[in-house]
Each structure stands twice: as C-alpha cells, then as structure tokens.
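Shown below: structure12.cif, with mmCIF, C-alpha atoms and all ligand atoms.
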```cif
data_start
#
loop_
_atom_site.label_atom_id
_atom_site.label_comp_id
_atom_site.auth_asym_id
_atom_site.auth_seq_id
_atom_site.Cartn_x
_atom_site.Cartn_y
_atom_site.Cartn_z
CA MET A 15 84.04 109.45 81.37
CA ARG A 16 81.54 109.10 84.15
CA ILE A 17 83.20 109.44 87.58
CA GLY A 18 81.41 108.36 90.75
CA ILE A 19 82.72 109.85 93.97
CA LEU A 20 81.93 108.59 97.44
CA GLY A 21 83.50 109.18 100.81
CA ASP A 22 83.17 109.46 104.57
CA ILE A 23 81.71 105.97 104.53
CA HIS A 24 82.51 105.60 108.23
CA ALA A 25 82.02 101.84 108.40
CA ASN A 26 78.34 102.12 107.45
CA ALA A 27 77.90 99.15 105.11
CA GLU A 28 74.12 99.63 104.73
CA ALA A 29 74.64 103.13 103.33
CA LEU A 30 77.57 102.01 101.18
CA HIS A 31 75.58 99.18 99.56
CA ALA A 32 72.76 101.62 98.70
CA VAL A 33 75.16 104.19 97.24
CA VAL A 34 77.08 101.63 95.17
CA ALA A 35 73.80 100.28 93.72
CA ALA A 36 72.72 103.83 92.78
CA MET A 37 76.12 104.58 91.23
CA ARG A 38 76.05 101.38 89.17
CA ASN A 39 72.65 102.50 87.94
CA ASP A 40 74.20 105.84 86.97
CA GLY A 41 76.74 104.01 84.78
CA VAL A 42 79.83 104.98 86.78
CA GLU A 43 83.06 103.97 85.00
CA GLN A 44 85.65 105.37 87.39
CA TRP A 45 85.25 105.05 91.16
CA VAL A 46 86.74 107.56 93.59
CA GLN A 47 86.73 107.51 97.39
CA VAL A 48 87.68 110.66 99.36
CA GLY A 49 88.68 109.07 102.69
CA ASP A 50 87.36 108.01 106.10
CA ILE A 51 86.31 104.47 105.27
CA VAL A 52 86.42 103.66 109.00
CA GLY A 53 85.44 105.32 112.29
CA TYR A 54 81.99 105.82 113.90
CA GLY A 55 80.33 102.78 112.31
CA PRO A 56 80.18 99.04 113.05
CA GLU A 57 81.52 97.40 109.86
CA PRO A 58 84.96 98.75 108.95
CA SER A 59 86.31 95.61 107.27
CA VAL A 60 83.20 95.10 105.12
CA CYS A 61 83.52 98.68 103.87
CA ILE A 62 87.26 98.33 103.17
CA ASP A 63 86.53 95.18 101.14
CA ILE A 64 83.94 97.02 99.02
CA VAL A 65 86.28 99.96 98.36
CA LYS A 66 88.98 97.51 97.28
CA GLU A 67 86.58 95.52 95.07
CA LEU A 68 85.45 98.68 93.30
CA ASP A 69 89.11 99.60 92.74
CA CYS A 70 88.40 103.12 93.98
CA VAL A 71 91.00 105.84 93.55
CA THR A 72 91.35 106.51 97.28
CA CYS A 73 93.05 109.01 99.60
CA LEU A 74 93.67 108.87 103.35
CA GLY A 75 91.11 110.36 105.75
CA ASN A 76 91.71 111.59 109.30
CA HIS A 77 89.86 108.63 110.88
CA ASP A 78 91.85 106.24 108.66
CA ALA A 79 95.04 107.96 109.87
CA ALA A 80 93.85 107.80 113.50
CA VAL A 81 93.33 104.02 113.49
CA LEU A 82 96.85 103.71 112.05
CA ASP A 83 98.09 105.75 115.02
CA ARG A 84 99.37 108.39 112.61
CA LEU A 85 97.16 111.13 114.02
CA ASP A 86 96.78 112.40 117.55
CA THR A 87 93.14 111.81 118.53
CA SER A 88 93.17 114.37 121.36
CA TYR A 89 91.30 116.83 119.11
CA PHE A 90 88.63 114.22 118.29
CA ASN A 91 85.42 114.43 120.32
CA ASN A 92 84.83 111.66 122.87
CA PHE A 93 82.52 109.66 120.62
CA ALA A 94 84.89 109.79 117.65
CA ARG A 95 87.79 108.75 119.90
CA ALA A 96 85.77 105.89 121.43
CA ALA A 97 84.98 104.64 117.93
CA ILE A 98 88.67 104.75 116.94
CA HIS A 99 89.52 102.66 120.03
CA TRP A 100 86.69 100.27 119.16
CA THR A 101 87.80 99.99 115.50
CA ARG A 102 91.56 99.54 115.85
CA PRO A 103 91.65 96.02 117.42
CA ARG A 104 88.89 94.79 115.08
CA LEU A 105 90.75 95.47 111.84
CA ARG A 106 92.47 92.60 110.05
CA PRO A 107 96.17 92.91 109.18
CA SER A 108 95.14 93.27 105.51
CA ASP A 109 92.87 96.22 106.45
CA LEU A 110 95.73 98.01 108.19
CA GLU A 111 98.00 97.27 105.26
CA PHE A 112 95.48 98.75 102.84
CA LEU A 113 94.90 101.90 104.92
CA SER A 114 98.69 102.30 105.34
CA SER A 115 99.10 102.32 101.57
CA LEU A 116 96.88 105.40 101.12
CA GLU A 117 98.27 108.86 100.31
CA LEU A 118 96.96 112.22 101.51
CA VAL A 119 96.66 113.60 97.97
CA VAL A 120 96.06 111.52 94.83
CA ARG A 121 96.44 113.35 91.52
CA ARG A 122 94.79 111.71 88.49
CA PRO A 123 94.20 114.37 85.83
CA PRO A 124 91.60 115.68 85.15
CA TYR A 125 90.99 115.32 88.91
CA THR A 126 92.69 115.29 92.30
CA VAL A 127 91.44 113.58 95.45
CA VAL A 128 92.07 114.84 99.01
CA HIS A 129 90.11 114.38 102.23
CA GLY A 130 90.28 117.93 103.64
CA THR A 131 91.92 120.71 101.63
CA MET A 132 94.60 121.02 98.96
CA HIS A 133 96.52 123.77 100.78
CA LEU A 134 97.08 121.82 104.04
CA PRO A 135 96.15 118.19 103.37
CA GLU A 136 97.99 116.87 106.45
CA GLN A 137 96.04 119.21 108.76
CA PHE A 138 92.63 117.93 107.63
CA GLY A 139 90.97 121.34 107.50
CA TYR A 140 87.39 121.70 106.28
CA VAL A 141 86.02 123.22 103.08
CA ILE A 142 82.72 124.61 104.35
CA SER A 143 82.58 128.07 102.72
CA PRO A 144 84.10 130.03 99.81
CA VAL A 145 86.86 131.21 102.19
CA GLU A 146 88.47 127.77 102.53
CA ALA A 147 87.47 126.85 98.98
CA LEU A 148 89.54 129.79 97.69
CA ASP A 149 92.65 128.65 99.61
CA SER A 150 92.23 125.09 98.38
CA LEU A 151 91.57 126.18 94.78
CA GLU A 152 94.85 128.13 94.79
CA HIS A 153 96.64 124.78 95.20
CA GLN A 154 94.50 122.82 92.76
CA ASP A 155 96.20 122.24 89.40
CA THR A 156 93.65 119.87 87.87
CA GLN A 157 90.27 121.07 86.60
CA LEU A 158 88.43 118.91 89.14
CA CYS A 159 89.09 118.23 92.81
CA PHE A 160 87.03 115.97 95.07
CA VAL A 161 86.98 116.39 98.86
CA GLY A 162 84.91 115.27 101.86
CA HIS A 163 85.52 115.59 105.61
CA SER A 164 82.77 118.11 106.51
CA HIS A 165 79.99 115.63 105.59
CA VAL A 166 78.16 118.59 103.99
CA PRO A 167 78.02 118.58 100.18
CA ALA A 168 78.66 121.69 98.06
CA ILE A 169 80.24 122.59 94.71
CA TYR A 170 82.62 125.56 94.27
CA LEU A 171 83.46 126.86 90.79
CA ARG A 172 86.02 129.37 89.57
CA ARG A 173 87.05 130.98 86.29
CA GLU A 174 90.68 131.84 85.63
CA ALA A 175 89.66 135.30 84.44
CA SER A 176 88.08 136.14 87.82
CA PRO A 177 89.83 133.96 90.42
CA GLU A 178 88.38 135.77 93.45
CA ASP A 179 84.85 135.23 92.24
CA ILE A 180 83.81 131.85 93.66
CA HIS A 181 80.49 130.51 92.43
CA VAL A 182 78.90 128.27 95.09
CA VAL A 183 76.26 125.59 94.69
CA PRO A 184 75.46 124.85 98.35
CA HIS A 185 72.57 122.46 97.84
CA SER A 186 72.57 118.99 99.32
CA GLU A 187 71.20 117.70 96.03
CA ALA A 188 72.16 119.45 92.81
CA GLU A 189 73.08 119.02 89.16
CA ILE A 190 75.05 121.75 87.41
CA SER A 191 76.99 122.37 84.22
CA TYR A 192 80.59 123.37 84.87
CA ARG A 193 81.24 124.34 81.25
CA GLY A 194 83.35 127.50 81.13
CA PHE A 195 84.76 127.03 84.63
CA ASP A 196 88.47 126.31 84.91
CA ARG A 197 88.33 124.90 88.42
CA VAL A 198 85.69 122.79 90.15
CA LEU A 199 86.00 121.87 93.83
CA MET A 200 83.39 119.37 94.89
CA ASN A 201 82.63 118.35 98.45
CA VAL A 202 80.69 115.16 97.87
CA GLY A 203 79.16 114.88 101.35
CA SER A 204 79.08 111.67 103.36
CA VAL A 205 77.90 108.16 102.58
CA GLY A 206 77.79 106.92 106.15
CA GLN A 207 77.09 109.93 108.38
CA PRO A 208 75.49 112.93 106.59
CA ARG A 209 75.49 116.17 108.61
CA ASP A 210 73.35 118.52 106.54
CA GLU A 211 70.09 117.52 108.22
CA ASP A 212 69.30 115.21 105.31
CA PRO A 213 69.81 111.65 106.59
CA ARG A 214 70.05 110.16 103.09
CA ALA A 215 73.48 108.94 101.99
CA ALA A 216 75.32 111.36 99.66
CA TYR A 217 77.61 110.85 96.66
CA GLY A 218 78.97 112.78 93.72
CA LEU A 219 78.69 112.13 90.00
CA VAL A 220 80.68 113.86 87.24
CA ASP A 221 80.34 113.42 83.48
CA THR A 222 83.53 114.81 81.96
CA GLU A 223 82.19 114.80 78.37
CA GLN A 224 78.97 116.63 79.19
CA GLU A 225 80.75 118.70 81.88
CA ILE A 226 78.05 118.03 84.44
CA ALA A 227 78.62 117.67 88.20
CA ALA A 228 75.91 116.35 90.50
CA ILE A 229 75.37 115.65 94.18
CA ARG A 230 72.93 112.80 94.64
CA ARG A 231 71.16 111.34 97.68
CA VAL A 232 69.88 107.88 98.35
CA HIS A 233 67.74 106.31 101.06
CA TYR A 234 69.13 103.38 102.99
CA ASP A 235 68.14 101.17 105.93
CA ILE A 236 69.10 103.46 108.82
CA ALA A 237 67.39 101.27 111.45
CA ALA A 238 69.54 98.28 110.43
CA VAL A 239 72.83 100.11 110.97
CA GLN A 240 71.55 101.71 114.19
CA LYS A 241 70.93 98.22 115.56
CA LYS A 242 74.44 97.12 114.58
CA ILE A 243 75.94 100.20 116.27
CA ARG A 244 74.06 99.46 119.51
CA ASP A 245 74.86 95.72 119.37
CA ALA A 246 78.54 96.56 118.88
CA GLY A 247 78.55 98.65 122.05
CA LEU A 248 79.51 101.83 120.19
CA PRO A 249 78.23 105.13 121.70
CA GLU A 250 74.44 105.49 121.42
CA VAL A 251 74.76 109.00 119.96
CA LEU A 252 76.42 107.52 116.87
CA ALA A 253 73.23 105.56 116.17
CA ASN A 254 70.82 108.39 117.01
CA ARG A 255 72.45 111.04 114.84
CA LEU A 256 72.03 108.97 111.64
CA ALA A 257 68.25 109.37 111.71
CA LEU A 258 68.61 113.15 111.95
CA GLY A 259 71.44 113.63 109.48
CA VAL A 260 73.60 115.53 111.97
ZN ZN B 1 84.47 111.85 108.09
#
```
Would you give me this structure, written as structure tokens?
Amino acid sequence: MRIGILGDIHANAEALHAVVAAMRNDGVEQWVQVGDIVGYGPEPSVCIDIVKELDCVTCLGNHDAAVLDRLDTSYFNNFARAAIHWTRPRLRPSDLEFLSSLELVVRRPPYTVVHGTMHLPEQFGYVISPVEALDSLEHQDTQLCFVGHSHVPAIYLRREASPEDIHVVPHSEAEISYRGFDRVLMNVGSVGQPRDEDPRAAYGLVDTEQEIAAIRRVHYDIAAVQKKIRDAGLPEVLANRLALGV
C-alpha cells in the first residue's frame, strides 16, 4: 500500500493543490492528513473541501481545535490568534461540523495519526528531537505513526532490541528504508507553512510493501497565496514568511 501523508495545510490552497498533484503522480492509494487544515492562510473552506474529497484519514490539529473554541488561544502568538479570529466567522456550518468530528488520535494499523505527540495528544507538544520522539514512541503501538505540528520534517526509527537507540533522519527531503525497524515516527512537515528554511511544500510518502518512507518537497505559487493573504487583511508577516520557509 502506498500511503500519502500531508498536514499543516493552514488554509494554503495553492500549496495543497501542488502537493495533491505530486501525490497523485506518486500513485498514492491511501490519503492521510495530520491536522491543522485551517489557521494562518486565506482559504480554509477550499482546503477542508479538498481534504474531504480525498477522503483523508484525519486527526484534529491545535488550530482546528482553536477555531472550534476548544482550545485556549492565549498561548498562540498574536499573528496566529489574529488568524483564528479571522477564520472562525468565515467557516461554513459544514466546515465546523467536519472539524468537530475529528479525533485527536486516529489508529489505523499499520499506522496511527496524531497532530503533536502520542504521549500527550491533547497538549499538542512538538516532536522536534529524539527526546520527544522517544516519549511519543513509548506510546506508539503501531509500526508507523504520522505527526506534524512543528512544520519541520524528520523521521525517527527504533528497534525493539535497542529501544533507547533512536535513529534520526533529520533531512527536509529524504528517502529511507525502514526494514528491520519496529517503530517509525514520521514528522511529515507542512504543506502550507514550512519552517525549515525550505519554502517548498512538504509531504510524506510511505510504501508499506517496499518498507520505504520518504519526505518530499514541491514548488508552488507562493506569490499567489501571498496576494490572497494581503487581500484578506491577514497579518503581513503571514505572507512574508512563506517566501523564506520560516
Ligand atoms: Zn500547524
């Protein structure tokens, strides 16, 4: 089975269209989405429609929870909070209904989907180093787990025989064999707002027969979405950062 994993779309339809085209080209059979369809970007409903059309296995992200008023936004930075306040009144009832239906953790052996970490999914912590990866892996009971949230892609691998020994593939673009590893934790990066200084949209690809996991990147029309962000009256910084990948 070829699994395509995307997430942290953040209402960036330009990036999402480019990623979906690339994933179709890769022959993706099963679509997974790791949360944060909305927030930051100008086209939340368009992105929700695409996720629904693709029938993605989807979990709840912190920005999704915030627009539903299920998460206190006081720990969000000003720009993130402004975008939540911009987004909320623009969503259709069907969008809110869809986001409300999402769970924090979705288990579909051989994989599990969660936005932040497996050990504290409701706290939306980040997997950004082997330290958090180890905690999350302790609570992972499927061979594969897909996460997002940090907007920085990386793959963490572990063997049952040496559970403390975490093998890390930190590259923003990588293809590795996970044969012989009992646990794979994959942060697939962000479609709509990459933060690893590579402005290209990111997604993950897993072939369960060949036991290959890959992080892929794709160019998209950044100027087009920047214009939409400015026209929408969203904070300027949310447009500027896309060109830098921060
Ligand atoms: Zn996000």
Would you mind listing the residues within 12 Å of ligand ZN 1 (chain B), counting only C-alpha atoms and all ligand atoms, as number ranges by chain? A: 20-26, 47-55, 74-80, 90, 94, 129-130, 138-140, 161-166, 201-209
With C-alpha atoms kept, could you save the residues just selected as a CSV table (one decimal), in the coordinates of the input?
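In the end it all went to selection18.csv:
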```csv
chain,number,residue,atom,x,y,z
A,20,LEU,CA,81.9,108.6,97.4
A,21,GLY,CA,83.5,109.2,100.8
A,22,ASP,CA,83.2,109.5,104.6
A,23,ILE,CA,81.7,106.0,104.5
A,24,HIS,CA,82.5,105.6,108.2
A,25,ALA,CA,82.0,101.8,108.4
A,26,ASN,CA,78.3,102.1,107.4
A,47,GLN,CA,86.7,107.5,97.4
A,48,VAL,CA,87.7,110.7,99.4
A,49,GLY,CA,88.7,109.1,102.7
A,50,ASP,CA,87.4,108.0,106.1
A,51,ILE,CA,86.3,104.5,105.3
A,52,VAL,CA,86.4,103.7,109.0
A,53,GLY,CA,85.4,105.3,112.3
A,54,TYR,CA,82.0,105.8,113.9
A,55,GLY,CA,80.3,102.8,112.3
A,74,LEU,CA,93.7,108.9,103.4
A,75,GLY,CA,91.1,110.4,105.8
A,76,ASN,CA,91.7,111.6,109.3
A,77,HIS,CA,89.9,108.6,110.9
A,78,ASP,CA,91.8,106.2,108.7
A,79,ALA,CA,95.0,108.0,109.9
A,80,ALA,CA,93.8,107.8,113.5
A,90,PHE,CA,88.6,114.2,118.3
A,94,ALA,CA,84.9,109.8,117.6
A,129,HIS,CA,90.1,114.4,102.2
A,130,GLY,CA,90.3,117.9,103.6
A,138,PHE,CA,92.6,117.9,107.6
A,139,GLY,CA,91.0,121.3,107.5
A,140,TYR,CA,87.4,121.7,106.3
A,161,VAL,CA,87.0,116.4,98.9
A,162,GLY,CA,84.9,115.3,101.9
A,163,HIS,CA,85.5,115.6,105.6
A,164,SER,CA,82.8,118.1,106.5
A,165,HIS,CA,80.0,115.6,105.6
A,166,VAL,CA,78.2,118.6,104.0
A,201,ASN,CA,82.6,118.4,98.4
A,202,VAL,CA,80.7,115.2,97.9
A,203,GLY,CA,79.2,114.9,101.4
A,204,SER,CA,79.1,111.7,103.4
A,205,VAL,CA,77.9,108.2,102.6
A,206,GLY,CA,77.8,106.9,106.2
A,207,GLN,CA,77.1,109.9,108.4
A,208,PRO,CA,75.5,112.9,106.6
A,209,ARG,CA,75.5,116.2,108.6
```
A:Asp235, A:Asp155, A:Glu223, A:Glu111 ranked by distance to Asp196 in chain A, top pick (using all atoms listed in the file): A:Asp155
Distance in Å - CA of Val33 in chain A versus CA of Leu105 in chain A: 23.1 Å
Residue with smallest distance to Leu113 in chain A - pool A:Asp149, A:Glu211, A:Asp63, A:Asp221, counting all atoms listed in the file: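 Using all atoms listed in the file, Leu113 in chain A sits closest to A:Asp63.
Across the structure, CA of Met132 in chain A and CA of Gly259 in chain A are spaced 26.5 Å apart.
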Neighbour residues at most 12 Å from (84.0, 133.9, 101.5) (only C-alpha atoms) as a PyMOL selection string: chain A and resi 141-149+170+178-182
Counting all atoms listed in the file, the residue of A:Val198, A:Pro123, A:Tyr217, A:Leu110 that sits nearest Ser150 in chain A: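 Counting all atoms listed in the file, the residue closest to Ser150 in chain A is A:Val198.
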Counting all atoms listed in the file, the option among A:Glu117, A:Glu28, A:Glu152, A:Arg173 closest to Lys241 in chain A: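 The answer is A:Glu28, which sits nearest to Lys241 in chain A.
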CA of Gln44 in chain A and CA of Ser115 in chain A are how many Å apart? 19.8 Å
Find the residues near Val42 in chain A: any atom within 8 Å, counting only C-alpha atoms, skip ones fewer than 5 places away on the same chain, and give them as an MDAnalysis selection string. chainID A and resid 16:18 37 219
Keeping only C-alpha atoms, take the residues you just selected and write them out as a tab-separated table (two decimals), keeping the file's coordinate frame.
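Listing of selection_21.tsv after writing:
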```
chain	number	residue	atom	x	y	z
A	16	ARG	CA	81.54	109.10	84.15
A	17	ILE	CA	83.20	109.44	87.58
A	18	GLY	CA	81.41	108.36	90.75
A	37	MET	CA	76.12	104.58	91.23
A	219	LEU	CA	78.69	112.13	90.00
```
When you look at Ser108 in chain A with a cut-off of 10 Å (counting only C-alpha atoms), what residues show up, excluding the ones that are within fewer than 6 positions of it in the same chain? I need them as number ranges by chain. A: 59, 62-63, 114
Could you give me, as a count of residues only, the residues within 12 Å of Asn91 in chain A, counting only C-alpha atoms and dropping anything in the same chain fewer than 4 positions from it? 11
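Distances to Val71 in chain A were evaluated for A:Asp83, A:Glu57, A:Asp109, A:Glu43 using all atoms listed in the file, and the minimum falls at A:Glu43.
Closest approach to Ala228 in chain A among A:Gln240, A:Thr101, A:Ser191, A:Asn254: A:Ser191, based on only C-alpha atoms.
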